[in-house]
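With PDB, C-alpha atoms, pLDDT in the B column inside, this is target_21.pdb:
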```pdb
MODEL        1
ATOM      1  CA  MET A   1     165.347 -31.519 -80.022  1.00 78.00           C
ATOM      2  CA  ALA A   2     162.809 -29.230 -78.372  1.00 84.00           C
ATOM      3  CA  VAL A   3     163.472 -28.559 -74.702  1.00 89.00           C
ATOM      4  CA  VAL A   4     161.163 -26.464 -72.534  1.00 91.00           C
ATOM      5  CA  LYS A   5     161.693 -25.641 -68.861  1.00 93.00           C
ATOM      6  CA  LEU A   6     158.889 -24.776 -66.475  1.00 92.00           C
ATOM      7  CA  ARG A   7     158.827 -21.044 -65.686  1.00 94.00           C
ATOM      8  CA  ASN A   8     157.756 -19.512 -62.378  1.00 94.00           C
ATOM      9  CA  ASN A   9     153.960 -19.471 -61.967  1.00 94.00           C
ATOM     10  CA  GLU A  10     153.444 -21.277 -65.290  1.00 94.00           C
ATOM     11  CA  SER A  11     150.703 -23.870 -65.599  1.00 95.00           C
ATOM     12  CA  GLN A  12     151.170 -27.257 -67.219  1.00 94.00           C
ATOM     13  CA  GLU A  13     148.880 -26.230 -70.085  1.00 95.00           C
ATOM     14  CA  GLN A  14     151.016 -23.184 -70.881  1.00 96.00           C
ATOM     15  CA  LEU A  15     154.156 -25.298 -70.737  1.00 95.00           C
ATOM     16  CA  LEU A  16     152.639 -27.860 -73.096  1.00 96.00           C
ATOM     17  CA  LYS A  17     151.506 -25.090 -75.464  1.00 96.00           C
ATOM     18  CA  ARG A  18     155.054 -23.655 -75.609  1.00 95.00           C
ATOM     19  CA  PHE A  19     156.464 -27.139 -76.216  1.00 95.00           C
ATOM     20  CA  ARG A  20     154.064 -27.797 -79.097  1.00 93.00           C
ATOM     21  CA  LYS A  21     154.968 -24.467 -80.715  1.00 94.00           C
ATOM     22  CA  LYS A  22     158.670 -25.286 -80.485  1.00 94.00           C
ATOM     23  CA  VAL A  23     158.138 -28.728 -82.027  1.00 93.00           C
ATOM     24  CA  VAL A  24     156.124 -27.275 -84.918  1.00 92.00           C
ATOM     25  CA  LYS A  25     158.667 -24.510 -85.500  1.00 92.00           C
ATOM     26  CA  SER A  26     161.592 -26.945 -85.517  1.00 93.00           C
ATOM     27  CA  GLY A  27     159.939 -29.068 -88.236  1.00 90.00           C
ATOM     28  CA  VAL A  28     160.453 -32.382 -86.454  1.00 89.00           C
ATOM     29  CA  LEU A  29     156.957 -33.689 -87.202  1.00 89.00           C
ATOM     30  CA  GLY A  30     157.279 -32.925 -90.912  1.00 87.00           C
ATOM     31  CA  THR A  31     160.548 -34.811 -91.080  1.00 88.00           C
ATOM     32  CA  VAL A  32     159.034 -37.806 -89.301  1.00 90.00           C
ATOM     33  CA  ARG A  33     156.064 -37.848 -91.680  1.00 88.00           C
ATOM     34  CA  ASP A  34     158.383 -37.636 -94.696  1.00 85.00           C
ATOM     35  CA  LYS A  35     160.538 -40.527 -93.508  1.00 89.00           C
ATOM     36  CA  ARG A  36     157.619 -42.755 -92.542  1.00 92.00           C
ATOM     37  CA  TRP A  37     157.500 -44.345 -96.000  1.00 92.00           C
ATOM     38  CA  PHE A  38     160.179 -44.654 -98.638  1.00 93.00           C
ATOM     39  CA  VAL A  39     159.632 -42.334-101.586  1.00 91.00           C
ATOM     40  CA  SER A  40     161.881 -42.597-104.624  1.00 94.00           C
ATOM     41  CA  ARG A  41     163.597 -39.555-106.131  1.00 94.00           C
ATOM     42  CA  VAL A  42     161.352 -39.674-109.176  1.00 97.00           C
ATOM     43  CA  GLU A  43     158.258 -39.711-106.973  1.00 95.00           C
ATOM     44  CA  LYS A  44     159.580 -36.782-104.888  1.00 93.00           C
ATOM     45  CA  ARG A  45     160.233 -34.783-108.042  1.00 96.00           C
ATOM     46  CA  ARG A  46     156.741 -35.531-109.321  1.00 97.00           C
ATOM     47  CA  LEU A  47     155.164 -34.453-106.039  1.00 95.00           C
ATOM     48  CA  GLU A  48     157.191 -31.221-105.982  1.00 96.00           C
ATOM     49  CA  LYS A  49     156.034 -30.370-109.516  1.00 97.00           C
ATOM     50  CA  LYS A  50     152.445 -31.091-108.500  1.00 97.00           C
ATOM     51  CA  LYS A  51     152.781 -28.785-105.473  1.00 96.00           C
ATOM     52  CA  ALA A  52     154.273 -26.041-107.639  1.00 97.00           C
ATOM     53  CA  VAL A  53     151.386 -26.263-110.105  1.00 97.00           C
ATOM     54  CA  ARG A  54     148.889 -26.042-107.240  1.00 96.00           C
ATOM     55  CA  ARG A  55     150.697 -23.000-105.816  1.00 95.00           C
ATOM     56  CA  LEU A  56     150.660 -21.258-109.195  1.00 94.00           C
ATOM     57  CA  LYS A  57     146.956 -21.968-109.694  1.00 93.00           C
ATOM     58  CA  ARG A  58     146.175 -20.631-106.223  1.00 91.00           C
ATOM     59  CA  LYS A  59     148.284 -17.530-106.870  1.00 89.00           C
ATOM     60  CA  ARG A  60     146.608 -16.826-110.217  1.00 90.00           C
ATOM     61  CA  ARG A  61     143.153 -17.291-108.665  1.00 85.00           C
ATOM     62  CA  SER A  62     143.864 -14.667-105.992  1.00 75.00           C
ATOM     63  CA  TYR A  63     144.453 -11.847-108.533  1.00 69.00           C
TER      64      TYR A  63
ENDMDL
END
```
Now, as a test, write the supplied structure out as structure tokens.
Amino acid sequence: MAVVKLRNNESQEQLLKRFRKKVVKSGVLGTVRDKRWFVSRVEKRRLEKKKAVRRLKRKRRSY
């Protein structure tokens, strides 16, 4: 869980910005998105293969 305490002379916007960074870095939102719908093991495996193919294509294109 991301916890942020208000520092001396820190505005609310800066505090919120630090909180958002911590949440993104911790990966909480990604986990929530993944668990929003049930995805079978076979489907997960298929999606991972698809991502890997995309990564390889992108890597080859950059050369």
task: Take CA of Leu56 in chain A and CA of Arg36 in chain A and report the distance between them in Å, one decimal.
output: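 CA of Leu56 in chain A sits 28.1 Å away from CA of Arg36 in chain A.
From CA of Lys35 in chain A back to CA of Lys5 in chain A, the distance works out to 28.8 Å.
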message: Would you pick out the contacts of Phe19 in chain A at 9 Å or less, using only C-alpha atoms, so that residues sharing its chain but fewer than 3 positions from it are not included, and give the list as a list in words?
response: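 Surrounding residues, per the criterion: Ala2, Val3, Val4, Gln14, Leu15, Leu16, Lys22, Val23 and Val24 of chain A.
Each of A:Glu10, A:Ser62, A:Met1, A:Glu48 was compared to Leu29 in chain A using only C-alpha atoms, and A:Met1 turns out to be the nearest.
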query: Please, what distance in Å, to one decimal, runs between CA of Lys49 in chain A and CA of Arg61 in chain A?
result: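 These two atoms are separated by 18.4 Å.
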Missing atoms of range 9-26 of chain A rebuilt to N, CA and C atoms, written as a CSV table (one decimal), in the coordinates of the input:
```csv
chain,number,residue,atom,x,y,z
A,9,ASN,N,155.4,-19.7,-61.9
A,9,ASN,CA,154.0,-19.5,-62.0
A,9,ASN,C,153.4,-19.8,-63.3
A,10,GLU,N,153.9,-20.8,-64.0
A,10,GLU,CA,153.4,-21.3,-65.3
A,10,GLU,C,152.7,-22.6,-65.1
A,11,SER,N,151.5,-22.6,-65.7
A,11,SER,CA,150.7,-23.9,-65.6
A,11,SER,C,151.2,-24.9,-66.6
A,12,GLN,N,150.8,-26.1,-66.3
A,12,GLN,CA,151.2,-27.3,-67.2
A,12,GLN,C,150.6,-27.1,-68.6
A,13,GLU,N,149.4,-26.5,-68.7
A,13,GLU,CA,148.9,-26.2,-70.1
A,13,GLU,C,149.7,-25.2,-70.9
A,14,GLN,N,150.2,-24.2,-70.2
A,14,GLN,CA,151.0,-23.2,-70.9
A,14,GLN,C,152.3,-23.8,-71.3
A,15,LEU,N,152.9,-24.6,-70.4
A,15,LEU,CA,154.2,-25.3,-70.7
A,15,LEU,C,154.0,-26.2,-72.0
A,16,LEU,N,152.9,-27.0,-72.0
A,16,LEU,CA,152.6,-27.9,-73.1
A,16,LEU,C,152.4,-27.1,-74.4
A,17,LYS,N,151.7,-25.9,-74.3
A,17,LYS,CA,151.5,-25.1,-75.5
A,17,LYS,C,152.8,-24.6,-76.0
A,18,ARG,N,153.7,-24.1,-75.1
A,18,ARG,CA,155.1,-23.7,-75.6
A,18,ARG,C,155.8,-24.8,-76.3
A,19,PHE,N,155.8,-26.0,-75.7
A,19,PHE,CA,156.5,-27.1,-76.2
A,19,PHE,C,156.0,-27.5,-77.6
A,20,ARG,N,154.6,-27.5,-77.8
A,20,ARG,CA,154.1,-27.8,-79.1
A,20,ARG,C,154.5,-26.8,-80.1
A,21,LYS,N,154.5,-25.5,-79.8
A,21,LYS,CA,155.0,-24.5,-80.7
A,21,LYS,C,156.4,-24.7,-81.1
A,22,LYS,N,157.3,-25.0,-80.2
A,22,LYS,CA,158.7,-25.3,-80.5
A,22,LYS,C,158.8,-26.5,-81.4
A,23,VAL,N,158.1,-27.5,-81.2
A,23,VAL,CA,158.1,-28.7,-82.0
A,23,VAL,C,157.7,-28.4,-83.5
A,24,VAL,N,156.6,-27.6,-83.6
A,24,VAL,CA,156.1,-27.3,-84.9
A,24,VAL,C,157.1,-26.4,-85.6
A,25,LYS,N,157.7,-25.4,-84.9
A,25,LYS,CA,158.7,-24.5,-85.5
A,25,LYS,C,159.9,-25.2,-85.9
A,26,SER,N,160.4,-26.2,-85.2
A,26,SER,CA,161.6,-26.9,-85.5
A,26,SER,C,161.4,-27.9,-86.7
```
